[in-house]
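What follows is the content of my_file-v5.txt, which has compact mmCIF, C-alpha atoms:
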```txt
# COMPACT_ATOMS: atom_id res chain seq x y z
CA MET A 21 -21.32 -12.01 -8.01
CA SER A 22 -22.90 -9.17 -10.00
CA PHE A 23 -21.88 -5.53 -9.64
CA HIS A 24 -24.70 -4.19 -11.84
CA GLU A 25 -26.24 -2.14 -9.05
CA ASN A 26 -22.93 -0.93 -7.63
CA THR A 27 -22.34 2.66 -8.67
CA GLU A 28 -18.66 2.40 -7.74
CA PHE A 29 -18.04 0.85 -11.15
CA GLY A 30 -19.03 2.68 -14.31
CA PHE A 31 -18.64 6.03 -16.04
CA TYR A 32 -18.13 8.89 -13.60
CA GLY A 33 -15.60 11.63 -12.93
CA ARG A 34 -12.69 11.30 -15.34
CA LEU A 35 -14.16 8.11 -16.85
CA LYS A 36 -16.06 9.23 -19.94
CA GLU A 37 -18.78 7.35 -21.80
CA GLU A 38 -18.33 9.45 -24.95
CA PHE A 39 -14.60 8.77 -25.50
CA PRO A 40 -11.77 7.07 -23.59
CA SER A 41 -10.12 9.32 -21.03
CA GLN A 42 -6.77 7.68 -21.78
CA VAL A 43 -5.44 6.86 -25.23
CA ILE A 44 -2.35 4.65 -25.08
CA VAL A 45 -0.11 4.58 -28.16
CA ASP A 46 2.10 1.49 -28.28
CA VAL A 47 4.72 2.53 -30.81
CA SER A 48 7.26 -0.30 -30.92
CA GLU A 49 7.61 -3.99 -30.12
CA ILE A 50 11.41 -3.70 -30.09
CA CYS A 51 13.25 -3.17 -26.81
CA ASN A 52 16.89 -2.55 -25.87
CA MET A 53 16.57 -4.00 -22.34
CA ALA A 54 15.32 -7.19 -20.67
CA CYS A 55 13.76 -6.15 -17.36
CA VAL A 56 13.00 -9.00 -14.96
CA HIS A 57 9.41 -7.91 -14.27
CA CYS A 58 8.63 -7.49 -17.98
CA PRO A 59 7.51 -10.29 -20.35
CA HIS A 60 9.50 -8.88 -23.28
CA PRO A 61 12.38 -11.42 -23.19
CA GLU A 62 9.89 -14.30 -23.53
CA TYR A 63 7.62 -12.30 -25.84
CA LYS A 64 10.49 -11.75 -28.26
CA LYS A 65 10.85 -15.52 -28.67
CA SER A 66 7.12 -16.17 -29.02
CA GLU A 67 4.69 -16.43 -31.92
CA TYR A 68 3.17 -13.09 -30.88
CA TYR A 69 6.28 -11.02 -31.61
CA GLY A 70 6.69 -9.38 -34.98
CA GLY A 71 9.13 -6.55 -34.33
CA ASN A 72 6.38 -4.15 -35.41
CA GLN A 73 6.68 -0.37 -35.33
CA LEU A 74 3.62 1.87 -35.50
CA ASP A 75 2.69 3.30 -38.90
CA VAL A 76 3.11 7.08 -38.71
CA ASP A 77 -0.12 7.57 -40.68
CA LEU A 78 -2.04 5.68 -37.98
CA ASN A 79 -0.57 7.96 -35.35
CA LYS A 80 -1.79 10.95 -37.39
CA LYS A 81 -5.24 9.39 -37.72
CA LEU A 82 -5.41 8.86 -33.95
CA VAL A 83 -4.29 12.39 -33.10
CA ASP A 84 -6.73 13.90 -35.57
CA GLU A 85 -9.57 11.82 -34.14
CA VAL A 86 -8.74 12.86 -30.57
CA ALA A 87 -8.72 16.49 -31.71
CA GLN A 88 -12.04 16.23 -33.53
CA TYR A 89 -14.06 13.99 -31.23
CA GLY A 90 -12.22 13.41 -27.98
CA SER A 91 -10.56 16.59 -26.81
CA SER A 92 -13.44 17.39 -24.42
CA TYR A 93 -13.28 13.90 -22.89
CA CYS A 94 -9.74 12.58 -23.31
CA SER A 95 -7.41 13.46 -20.44
CA TYR A 96 -4.20 12.46 -22.22
CA ILE A 97 -2.40 10.53 -24.93
CA ARG A 98 0.44 8.44 -23.56
CA TYR A 99 3.21 7.11 -25.80
CA THR A 100 4.65 3.91 -24.42
CA SER A 101 5.11 0.42 -25.77
CA ASN A 102 5.77 -3.28 -25.41
CA GLY A 103 9.26 -2.16 -26.38
CA GLU A 104 11.16 1.13 -26.11
CA PRO A 105 9.40 4.11 -27.77
CA LEU A 106 12.61 6.00 -28.58
CA ILE A 107 13.68 3.11 -30.83
CA HIS A 108 11.02 4.16 -33.36
CA ARG A 109 12.94 6.20 -35.94
CA ARG A 110 10.09 8.71 -36.33
CA ILE A 111 9.07 9.01 -32.68
CA TYR A 112 9.97 12.71 -32.38
CA GLU A 113 7.85 13.50 -35.43
CA MET A 114 4.91 11.58 -33.96
CA LEU A 115 5.22 13.24 -30.55
CA LYS A 116 5.42 16.70 -32.07
CA TYR A 117 2.38 16.08 -34.25
CA ALA A 118 0.42 14.89 -31.22
CA LYS A 119 1.35 17.90 -29.14
CA LEU A 120 0.64 20.41 -31.92
CA ASN A 121 -2.65 18.93 -33.05
CA SER A 122 -4.41 16.78 -30.41
CA GLY A 123 -5.51 19.51 -28.03
CA VAL A 124 -4.78 17.26 -25.05
CA PHE A 125 -1.96 16.48 -22.60
CA VAL A 126 0.74 14.31 -24.22
CA ALA A 127 3.08 12.01 -22.26
CA LEU A 128 5.99 9.71 -23.06
CA THR A 129 7.31 6.76 -21.07
CA THR A 130 10.88 5.62 -21.79
CA ASN A 131 13.64 3.63 -20.12
CA GLY A 132 16.00 6.55 -20.76
CA LYS A 133 18.79 4.49 -22.28
CA LEU A 134 18.68 6.33 -25.61
CA MET A 135 17.94 9.71 -24.05
CA ARG A 136 21.33 11.27 -24.61
CA LYS A 137 22.01 15.00 -25.07
CA ALA A 138 21.05 15.24 -28.75
CA GLU A 139 17.92 13.15 -28.19
CA ILE A 140 16.96 15.31 -25.22
CA GLU A 141 17.11 18.37 -27.46
CA LYS A 142 14.76 16.66 -29.90
CA LEU A 143 12.40 15.63 -27.09
CA LEU A 144 12.21 19.12 -25.65
CA ASP A 145 11.59 20.50 -29.13
CA THR A 146 8.36 18.48 -29.32
CA ASP A 147 6.96 20.50 -26.37
CA LEU A 148 5.72 17.32 -24.67
CA ASP A 149 3.80 17.74 -21.42
CA LEU A 150 5.40 14.82 -19.55
CA ILE A 151 8.46 12.59 -19.86
CA ASP A 152 8.42 9.55 -17.56
CA ILE A 153 11.66 7.59 -17.16
CA SER A 154 11.37 4.07 -15.75
CA ILE A 155 14.39 3.36 -13.53
CA ASP A 156 13.42 0.92 -10.73
CA ALA A 157 16.59 1.17 -8.63
CA ILE A 158 18.92 3.58 -6.85
CA LYS A 159 21.93 1.26 -6.54
CA ALA A 160 23.90 0.06 -9.56
CA GLU A 161 23.86 -3.60 -8.49
CA THR A 162 20.07 -3.53 -8.09
CA TYR A 163 19.57 -1.81 -11.43
CA LYS A 164 21.79 -4.37 -13.14
CA LYS A 165 19.70 -7.16 -11.65
CA ILE A 166 16.29 -5.65 -12.55
CA ARG A 167 16.95 -3.65 -15.73
CA VAL A 168 19.09 -6.15 -17.59
CA GLY A 169 21.03 -4.52 -20.41
CA GLY A 170 20.95 -1.05 -18.89
CA ASN A 171 23.47 1.11 -17.05
CA LEU A 172 22.27 3.12 -14.05
CA GLU A 173 25.10 5.66 -14.24
CA GLU A 174 24.27 6.46 -17.88
CA THR A 175 20.53 6.62 -17.26
CA THR A 176 20.95 8.87 -14.24
CA LYS A 177 23.23 11.16 -16.25
CA ASN A 178 20.61 11.32 -19.02
CA VAL A 179 17.81 12.27 -16.64
CA LEU A 180 19.91 14.93 -14.90
CA GLU A 181 20.79 16.36 -18.33
CA LEU A 182 17.07 16.42 -19.20
CA ILE A 183 16.34 18.40 -16.04
CA ARG A 184 19.22 20.77 -16.77
CA GLN A 185 18.13 21.43 -20.35
CA LYS A 186 14.50 21.80 -19.35
CA ARG A 187 15.40 24.52 -16.86
CA ALA A 188 17.84 26.26 -19.19
CA LEU A 189 15.25 26.46 -21.97
CA GLY A 190 12.33 27.29 -19.66
CA LYS A 191 10.29 24.33 -20.89
CA HIS A 192 7.04 23.43 -19.13
CA VAL A 193 7.48 19.64 -19.52
CA LYS A 194 7.06 17.60 -16.35
CA VAL A 195 9.90 15.17 -15.66
CA VAL A 196 8.91 12.04 -13.76
CA THR A 197 10.95 9.06 -12.59
CA SER A 198 9.15 5.80 -11.94
CA TYR A 199 9.80 2.65 -9.99
CA VAL A 200 8.09 -0.73 -9.99
CA GLU A 201 8.38 -1.90 -6.39
CA GLN A 202 9.33 -5.58 -6.26
CA PRO A 203 11.28 -8.01 -4.03
CA ASP A 204 14.69 -7.03 -5.47
CA ASN A 205 14.30 -3.30 -4.82
CA VAL A 206 11.76 -2.82 -2.03
CA HIS A 207 14.57 -1.90 0.39
CA GLU A 208 15.52 1.05 -1.87
CA THR A 209 12.12 2.70 -2.35
CA GLU A 210 12.53 5.53 0.14
CA GLU A 211 16.08 6.30 -0.97
CA PHE A 212 14.92 6.36 -4.61
CA GLU A 213 12.21 8.90 -3.79
CA ARG A 214 14.57 11.09 -1.78
CA PHE A 215 17.28 11.13 -4.44
CA TRP A 216 15.04 12.03 -7.37
CA LYS A 217 13.00 14.63 -5.50
CA ALA A 218 16.25 16.33 -4.47
CA ALA A 219 17.47 16.09 -8.09
CA GLY A 220 14.49 18.16 -9.22
CA VAL A 221 12.01 15.82 -10.84
CA ASP A 222 8.38 16.91 -10.71
CA TYR A 223 7.04 13.60 -9.41
CA VAL A 224 8.25 10.16 -8.35
CA VAL A 225 5.89 7.34 -9.28
CA ILE A 226 6.01 4.16 -7.19
CA ARG A 227 4.09 1.45 -9.04
CA ARG A 228 2.74 -1.77 -7.62
CA LEU A 229 4.05 -4.94 -9.21
CA HIS A 230 1.55 -6.58 -11.58
CA SER A 231 1.70 -9.70 -13.70
CA ALA A 232 1.28 -8.07 -17.15
CA ALA A 233 -2.22 -9.56 -17.43
CA GLY A 234 -0.95 -12.96 -16.30
CA ALA A 235 2.01 -13.10 -18.69
CA ARG A 236 4.47 -13.23 -15.80
CA THR A 237 3.15 -16.43 -14.26
CA GLU A 238 5.31 -16.32 -11.14
CA ILE A 239 4.06 -12.80 -10.33
CA ALA A 240 0.50 -13.84 -11.19
CA SER A 241 0.76 -16.65 -8.63
CA LEU A 242 1.85 -14.18 -5.94
CA ILE A 243 -1.06 -11.87 -6.74
CA HIS A 244 -3.55 -14.76 -6.88
CA ASP A 245 -2.40 -15.73 -3.36
CA LYS A 246 -3.12 -12.27 -1.92
CA GLU A 247 -6.13 -11.85 0.31
CA ALA A 248 -9.02 -10.23 -1.54
CA GLY A 249 -12.78 -10.03 -1.41
CA PRO A 250 -15.10 -10.76 -4.34
CA ARG A 251 -13.63 -9.99 -7.73
CA LYS A 252 -14.26 -6.40 -8.79
CA PRO A 253 -14.35 -5.12 -12.38
CA CYS A 254 -11.12 -3.83 -13.90
CA VAL A 255 -11.23 -0.11 -14.66
CA TYR A 256 -9.59 -0.42 -18.08
CA PRO A 257 -12.78 -1.04 -20.13
CA TRP A 258 -14.17 2.25 -18.77
CA GLU A 259 -10.92 4.18 -18.97
CA ARG A 260 -8.69 3.52 -21.96
CA VAL A 261 -8.03 2.23 -25.42
CA VAL A 262 -4.68 1.10 -26.82
CA LEU A 263 -3.38 1.54 -30.36
CA THR A 264 -0.84 -1.26 -30.79
CA ALA A 265 2.30 -1.21 -32.91
CA ARG A 266 0.52 -3.66 -35.24
CA GLY A 267 -2.19 -1.08 -35.91
CA THR A 268 -4.97 -2.72 -33.93
CA LEU A 269 -7.12 -1.26 -31.17
CA ALA A 270 -7.01 -3.16 -27.89
CA PHE A 271 -8.39 -2.65 -24.39
CA CYS A 272 -5.47 -3.75 -22.18
CA PRO A 273 -2.07 -1.99 -22.02
CA ALA A 274 -0.50 -5.05 -20.36
CA ASP A 275 -1.37 -7.49 -23.16
CA TRP A 276 1.52 -9.50 -24.64
CA THR A 277 -0.51 -12.19 -26.45
CA HIS A 278 -2.99 -10.11 -28.49
CA GLY A 279 -5.69 -11.36 -26.15
CA SER A 280 -7.23 -7.91 -25.83
CA SER A 281 -7.23 -7.03 -29.53
CA ILE A 282 -10.54 -5.68 -30.78
CA THR A 283 -10.25 -4.46 -34.36
CA ASP A 284 -7.96 -3.04 -37.05
CA TYR A 285 -7.74 0.72 -36.60
CA ARG A 286 -7.25 1.17 -40.35
CA THR A 287 -10.91 0.27 -40.92
CA THR A 288 -12.65 1.92 -37.97
CA THR A 289 -12.38 4.70 -35.39
CA ILE A 290 -11.83 4.93 -31.66
CA SER A 291 -15.28 6.49 -31.24
CA GLU A 292 -17.03 3.65 -33.03
CA THR A 293 -15.09 1.04 -31.09
CA TRP A 294 -15.51 2.70 -27.67
CA ASN A 295 -19.28 2.91 -28.13
CA GLY A 296 -19.62 -0.37 -30.00
CA PRO A 297 -20.79 -3.87 -29.04
CA PHE A 298 -17.38 -5.24 -28.07
CA TYR A 299 -16.76 -2.70 -25.30
CA ARG A 300 -20.38 -2.95 -24.13
CA ASP A 301 -20.09 -6.74 -23.84
CA LEU A 302 -16.70 -6.47 -22.14
CA ARG A 303 -18.03 -4.04 -19.51
CA ARG A 304 -21.02 -6.32 -18.91
CA ALA A 305 -18.66 -9.28 -18.40
CA HIS A 306 -16.74 -7.33 -15.75
CA LEU A 307 -19.91 -6.13 -14.01
CA THR A 308 -21.45 -9.60 -13.89
CA ASN A 309 -18.17 -11.44 -13.25
CA ASP A 310 -18.90 -13.69 -16.23
CA PHE A 311 -15.79 -14.08 -18.36
CA SER A 312 -16.93 -17.07 -20.40
CA CYS A 313 -16.56 -14.99 -23.57
CA HIS A 314 -13.59 -12.94 -22.34
CA LYS A 315 -11.09 -15.51 -21.14
CA PHE A 316 -8.15 -13.10 -21.41
CA CYS A 317 -9.67 -11.03 -18.61
CA GLY A 318 -10.87 -14.08 -16.71
CA GLN A 319 -7.35 -15.42 -16.14
CA CYS A 320 -5.85 -12.07 -15.17
CA PRO A 321 -5.27 -11.39 -11.44
CA ASP A 322 -4.18 -7.76 -11.84
CA TRP A 323 -7.61 -6.35 -10.92
CA LYS A 324 -6.33 -6.71 -7.34
CA VAL A 325 -3.61 -4.10 -7.87
CA ILE A 326 -5.41 -1.66 -10.22
CA ASN A 327 -7.32 1.24 -8.65
CA TRP A 328 -10.64 2.74 -9.59
CA PRO A 329 -10.71 6.53 -9.00
CA GLN A 330 -12.41 6.19 -5.61
CA GLU A 331 -9.86 3.62 -4.43
CA GLY A 332 -6.76 5.77 -4.44
CA LYS A 333 -4.27 7.62 -6.58
CA ALA A 334 -3.31 6.37 -10.02
CA TYR A 335 -1.20 7.62 -12.92
CA ALA A 336 -4.21 9.58 -14.12
CA SER A 337 -4.35 11.37 -10.76
CA MET A 338 -0.81 12.66 -11.27
CA VAL A 339 -1.66 13.88 -14.78
CA GLU A 340 -4.74 15.68 -13.48
CA GLU A 341 -2.59 17.42 -10.85
CA PHE A 342 -0.16 18.57 -13.54
CA LYS A 343 -3.00 19.82 -15.71
CA ARG A 344 -4.46 21.83 -12.84
CA GLU A 345 -1.04 23.36 -12.15
CA GLY A 346 -0.79 24.33 -15.82
CA ALA A 347 -4.24 25.91 -15.79
CA GLU A 348 -3.35 27.96 -12.70
CA VAL A 349 -0.13 29.19 -14.29
CA SER A 350 -1.95 30.26 -17.47
CA LEU A 351 -4.54 32.38 -15.59
```

Target format C-alpha cells, applied to this file:
Amino acid sequence: MSFHENTEFGFYGRLKEEFPSQVIVDVSEICNMACVHCPHPEYKKSEYYGGNQLDVDLNKKLVDEVAQYGSSYCSYIRYTSNGEPLIHRRIYEMLKYAKLNSGVFVALTTNGKLMRKAEIEKLLDTDLDLIDISIDAIKAETYKKIRVGGNLEETTKNVLELIRQKRALGKHVKVVTSYVEQPDNVHETEEFERFWKAAGVDYVVIRRLHSAAGARTEIASLIHDKEAGPRKPCVYPWERVVLTARGTLAFCPADWTHGSSITDYRTTTISETWNGPFYRDLRRAHLTNDFSCHKFCGQCPDWKVINWPQEGKAYASMVEEFKREGAEVSL
C-alpha cells in the first residue's frame, strides 16, 4: 500500500524539512545495568559492541551546527545512549557546552544509579532543561526483576535529592521519572504515577513497550501479533537524527546492530545528511511500504507503537509543554 497521497505522513507541525526537530546524542555504549526489556546484555556480547564513548569534539561539532543551522527548527537535543550517559567521564562538560551554545532545549535520560549528591550538583551546574530518570517500578522486588543490577532504594533517594537540590537552588530544570509498562510491572503503573507526582516531579512518562527495532525478538513477536491495519510509515525519518557513540549519524534511536547507520559525522554535517539522498530514499520507502532496500526498517514491528503527532502524545509533546511554560514565565 502507498501512502504518497496521505497528508498524515510528512513534514508538518513540529516535523521540519529543513533540519531534524530532534537530535539524539548517544554518548556511551557502556551500561551499569541489565534491564530485561533492553538488548544491552546481548549487545555487549555481540560483534556490534565496541565499548565506544562519544568523542567530545564531535559533540561540540553537533552543538555548533544546531546553533548555526538548526536552532529555528530543532526542538531539542536529547542525551541518552545504548548505555548509561553518566558513565562518560566528560558528560557534564558536554551537557554544559550544549546548554550554553546550542540555543535549544537540552535533555538528559539516565537510569539514576550514578546520580549521587556530588553528581547532582554537577548536573544542576550545567543548567540542563530536563533530567529524565528511567525507573520502571515502584516496588523493590519488581525493580530488581526489571532493572537488573540496580537498587530502587538508592535510585529513589537520588531522585528525591535531585528534587531537593533543584528547589533549594531555584533551578528551572524539569525533573521527569519514566516507566516502560510491561508484563512485570503493569500492576504498578498507577501507584508509580501517584508516588512520583506527590514527590514533586514535573512529569511522569509512561512508555509503551517496544522491541528495540526488533532486537528483542520475544517482544517483537508480541507486537507482530497485535491487531493493526495496513502498515504506516514510522515517524523517525521525518523527526530525528542520532549521533552514535561511534561517531556515525543514524536514523533510529532503537538500533543495536548498526542497521540504521548512514554516514560518518566526521566527514559530513547533519544538514547535508537530513536533506540528502539517503533520507529521501528512506522516506520514500516508508511512504510506499517498499523496504527492499531498507531491510532494517522492514523487519521492525515498532511502527505499531510509535505515534505521529496527530495520533497522540509523545515525548516531544511533553517537551513542547515545558517550552511553552518557560516562555510564559519569561514574559

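Take the candidates A:Tyr117, A:Asp149, A:Glu49, A:Asn79 and check each one against Lys343 in chain A using all atoms listed in the file; the shortest distance goes to A:Asp149.
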
May I have the residues within 10 Å of range 310-326 of chain A as a PyMOL selection string, using only C-alpha atoms and disregarding those fewer than 6 positions away in the same chain?
chain A and resi 21-22+227-235+239-249+251-256+272+274-275+277-280+301-302+304+332+334

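Ranking A:Glu201, A:Glu340, A:Asp156, A:Glu331 by their shortest atom-to-atom distance to Thr175 in chain A, with all atoms listed in the file included, puts A:Asp156 first.
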
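Between CA of Asp46 in chain A and CA of Val179 in chain A the interatomic distance comes to 22.3 Å.
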
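A cut-off of 10 Å from the point (6.3, 16.2, -22.0), with only C-alpha atoms, picks out the residues Arg98, Leu115, Lys119, Phe125, Val126, Ala127, Leu128, Thr129, Leu143, Leu144, Asp145, Thr146, Asp147, Leu148, Asp149, Leu150, Ile151, Asp152, Lys191, His192, Val193, Lys194, Val195 and Val196 of chain A.
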
The distance between CA of Ala305 in chain A and CA of Leu263 in chain A is 22.2 Å

Distance table requested - range 111-163 of chain A against range 91-95 of chain A, cut-off 9 Å, only C-alpha atoms: one row per qualifying residue with the closest atom pair and its distance in Å to one decimal, ordered by chain and rising residue number, as a Markdown table.
```
| residue | atom | partner | partner_atom | distance |
| --- | --- | --- | --- | --- |
| A:Ser122 | CA | A:Ser91 | CA | 7.1 |
| A:Gly123 | CA | A:Ser91 | CA | 6.0 |
| A:Val124 | CA | A:Ser91 | CA | 6.1 |
| A:Phe125 | CA | A:Ser95 | CA | 6.6 |
```

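Of the listed residues (A:Ser198, A:Ala118, A:Glu161, A:Leu35), A:Ala118 comes nearest to Lys81 in chain A; the distances count all atoms listed in the file.
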
Since the input is missing atoms, can you rebuild all heavy atoms for range 152-163 of chain A and write them as a PDB file, keeping the file's coordinate frame?
```pdb
ATOM      1  N   ASP A 152       8.351  10.483 -18.683  1.00  0.00           N
ATOM      2  CA  ASP A 152       8.420   9.550 -17.560  1.00  0.00           C
ATOM      3  C   ASP A 152       9.524   8.543 -17.837  1.00  0.00           C
ATOM      4  O   ASP A 152       9.465   7.814 -18.832  1.00  0.00           O
ATOM      5  CB  ASP A 152       7.047   8.859 -17.414  1.00  0.00           C
ATOM      6  CG  ASP A 152       7.031   7.738 -16.398  1.00  0.00           C
ATOM      7  OD1 ASP A 152       8.034   7.523 -15.700  1.00  0.00           O
ATOM      8  OD2 ASP A 152       5.988   7.058 -16.307  1.00  0.00           O
ATOM      9  N   ILE A 153      10.534   8.517 -16.977  1.00  0.00           N
ATOM     10  CA  ILE A 153      11.660   7.590 -17.160  1.00  0.00           C
ATOM     11  C   ILE A 153      11.566   6.470 -16.133  1.00  0.00           C
ATOM     12  O   ILE A 153      11.595   6.707 -14.924  1.00  0.00           O
ATOM     13  CB  ILE A 153      13.013   8.321 -17.036  1.00  0.00           C
ATOM     14  CG1 ILE A 153      13.060   9.537 -17.969  1.00  0.00           C
ATOM     15  CG2 ILE A 153      14.149   7.347 -17.388  1.00  0.00           C
ATOM     16  CD1 ILE A 153      12.696  10.846 -17.313  1.00  0.00           C
ATOM     17  N   SER A 154      11.456   5.245 -16.625  1.00  0.00           N
ATOM     18  CA  SER A 154      11.370   4.070 -15.750  1.00  0.00           C
ATOM     19  C   SER A 154      12.772   3.660 -15.332  1.00  0.00           C
ATOM     20  O   SER A 154      13.614   3.348 -16.187  1.00  0.00           O
ATOM     21  CB  SER A 154      10.684   2.916 -16.484  1.00  0.00           C
ATOM     22  OG  SER A 154       9.406   3.298 -16.938  1.00  0.00           O
ATOM     23  N   ILE A 155      13.023   3.624 -14.008  1.00  0.00           N
ATOM     24  CA  ILE A 155      14.390   3.360 -13.530  1.00  0.00           C
ATOM     25  C   ILE A 155      14.451   2.157 -12.571  1.00  0.00           C
ATOM     26  O   ILE A 155      15.322   1.297 -12.697  1.00  0.00           O
ATOM     27  CB  ILE A 155      14.984   4.627 -12.865  1.00  0.00           C
ATOM     28  CG1 ILE A 155      14.990   5.775 -13.889  1.00  0.00           C
ATOM     29  CG2 ILE A 155      16.389   4.344 -12.354  1.00  0.00           C
ATOM     30  CD1 ILE A 155      15.539   7.079 -13.350  1.00  0.00           C
ATOM     31  N   ASP A 156      13.586   2.119 -11.559  1.00  0.00           N
ATOM     32  CA  ASP A 156      13.420   0.920 -10.730  1.00  0.00           C
ATOM     33  C   ASP A 156      14.543   0.580  -9.755  1.00  0.00           C
ATOM     34  O   ASP A 156      14.524  -0.501  -9.158  1.00  0.00           O
ATOM     35  CB  ASP A 156      13.141  -0.324 -11.585  1.00  0.00           C
ATOM     36  CG  ASP A 156      11.895  -0.194 -12.442  1.00  0.00           C
ATOM     37  OD1 ASP A 156      10.987   0.551 -12.042  1.00  0.00           O
ATOM     38  OD2 ASP A 156      11.836  -0.829 -13.508  1.00  0.00           O
ATOM     39  N   ALA A 157      15.510   1.459  -9.579  1.00  0.00           N
ATOM     40  CA  ALA A 157      16.590   1.170  -8.630  1.00  0.00           C
ATOM     41  C   ALA A 157      17.358   2.445  -8.328  1.00  0.00           C
ATOM     42  O   ALA A 157      17.359   3.383  -9.133  1.00  0.00           O
ATOM     43  CB  ALA A 157      17.532   0.108  -9.170  1.00  0.00           C
ATOM     44  N   ILE A 158      18.041   2.468  -7.200  1.00  0.00           N
ATOM     45  CA  ILE A 158      18.920   3.580  -6.850  1.00  0.00           C
ATOM     46  C   ILE A 158      20.377   3.116  -6.747  1.00  0.00           C
ATOM     47  O   ILE A 158      21.303   3.908  -6.829  1.00  0.00           O
ATOM     48  CB  ILE A 158      18.470   4.258  -5.535  1.00  0.00           C
ATOM     49  CG1 ILE A 158      19.125   5.641  -5.379  1.00  0.00           C
ATOM     50  CG2 ILE A 158      18.747   3.370  -4.332  1.00  0.00           C
ATOM     51  CD1 ILE A 158      18.740   6.634  -6.427  1.00  0.00           C
ATOM     52  N   LYS A 159      20.576   1.817  -6.619  1.00  0.00           N
ATOM     53  CA  LYS A 159      21.930   1.260  -6.540  1.00  0.00           C
ATOM     54  C   LYS A 159      22.245   0.516  -7.830  1.00  0.00           C
ATOM     55  O   LYS A 159      21.387  -0.170  -8.394  1.00  0.00           O
ATOM     56  CB  LYS A 159      22.057   0.318  -5.340  1.00  0.00           C
ATOM     57  CG  LYS A 159      21.967   1.031  -3.992  1.00  0.00           C
ATOM     58  CD  LYS A 159      22.187   0.057  -2.857  1.00  0.00           C
ATOM     59  CE  LYS A 159      22.340   0.789  -1.524  1.00  0.00           C
ATOM     60  NZ  LYS A 159      21.161   1.577  -1.151  1.00  0.00           N
ATOM     61  N   ALA A 160      23.492   0.638  -8.278  1.00  0.00           N
ATOM     62  CA  ALA A 160      23.900   0.060  -9.560  1.00  0.00           C
ATOM     63  C   ALA A 160      23.686  -1.448  -9.607  1.00  0.00           C
ATOM     64  O   ALA A 160      23.249  -1.999 -10.622  1.00  0.00           O
ATOM     65  CB  ALA A 160      25.362   0.395  -9.842  1.00  0.00           C
ATOM     66  N   GLU A 161      23.989  -2.133  -8.484  1.00  0.00           N
ATOM     67  CA  GLU A 161      23.860  -3.600  -8.490  1.00  0.00           C
ATOM     68  C   GLU A 161      22.390  -4.025  -8.591  1.00  0.00           C
ATOM     69  O   GLU A 161      22.070  -5.051  -9.197  1.00  0.00           O
ATOM     70  CB  GLU A 161      24.520  -4.202  -7.256  1.00  0.00           C
ATOM     71  CG  GLU A 161      23.971  -3.731  -5.909  1.00  0.00           C
ATOM     72  CD  GLU A 161      24.678  -2.513  -5.349  1.00  0.00           C
ATOM     73  OE1 GLU A 161      25.272  -1.743  -6.143  1.00  0.00           O
ATOM     74  OE2 GLU A 161      24.641  -2.331  -4.118  1.00  0.00           O
ATOM     75  N   THR A 162      21.503  -3.225  -8.006  1.00  0.00           N
ATOM     76  CA  THR A 162      20.070  -3.530  -8.090  1.00  0.00           C
ATOM     77  C   THR A 162      19.562  -3.270  -9.502  1.00  0.00           C
ATOM     78  O   THR A 162      18.800  -4.066 -10.072  1.00  0.00           O
ATOM     79  CB  THR A 162      19.277  -2.690  -7.075  1.00  0.00           C
ATOM     80  OG1 THR A 162      19.843  -2.859  -5.777  1.00  0.00           O
ATOM     81  CG2 THR A 162      17.818  -3.099  -7.045  1.00  0.00           C
ATOM     82  N   TYR A 163      19.967  -2.148 -10.065  1.00  0.00           N
ATOM     83  CA  TYR A 163      19.570  -1.810 -11.430  1.00  0.00           C
ATOM     84  C   TYR A 163      20.024  -2.888 -12.413  1.00  0.00           C
ATOM     85  O   TYR A 163      19.267  -3.298 -13.299  1.00  0.00           O
ATOM     86  CB  TYR A 163      20.181  -0.459 -11.804  1.00  0.00           C
ATOM     87  CG  TYR A 163      19.701   0.114 -13.111  1.00  0.00           C
ATOM     88  CD1 TYR A 163      18.557   0.899 -13.174  1.00  0.00           C
ATOM     89  CD2 TYR A 163      20.416  -0.101 -14.300  1.00  0.00           C
ATOM     90  CE1 TYR A 163      18.123   1.449 -14.367  1.00  0.00           C
ATOM     91  CE2 TYR A 163      19.984   0.442 -15.498  1.00  0.00           C
ATOM     92  CZ  TYR A 163      18.838   1.218 -15.534  1.00  0.00           C
ATOM     93  OH  TYR A 163      18.407   1.752 -16.722  1.00  0.00           O
TER      94      TYR A 163
END
```
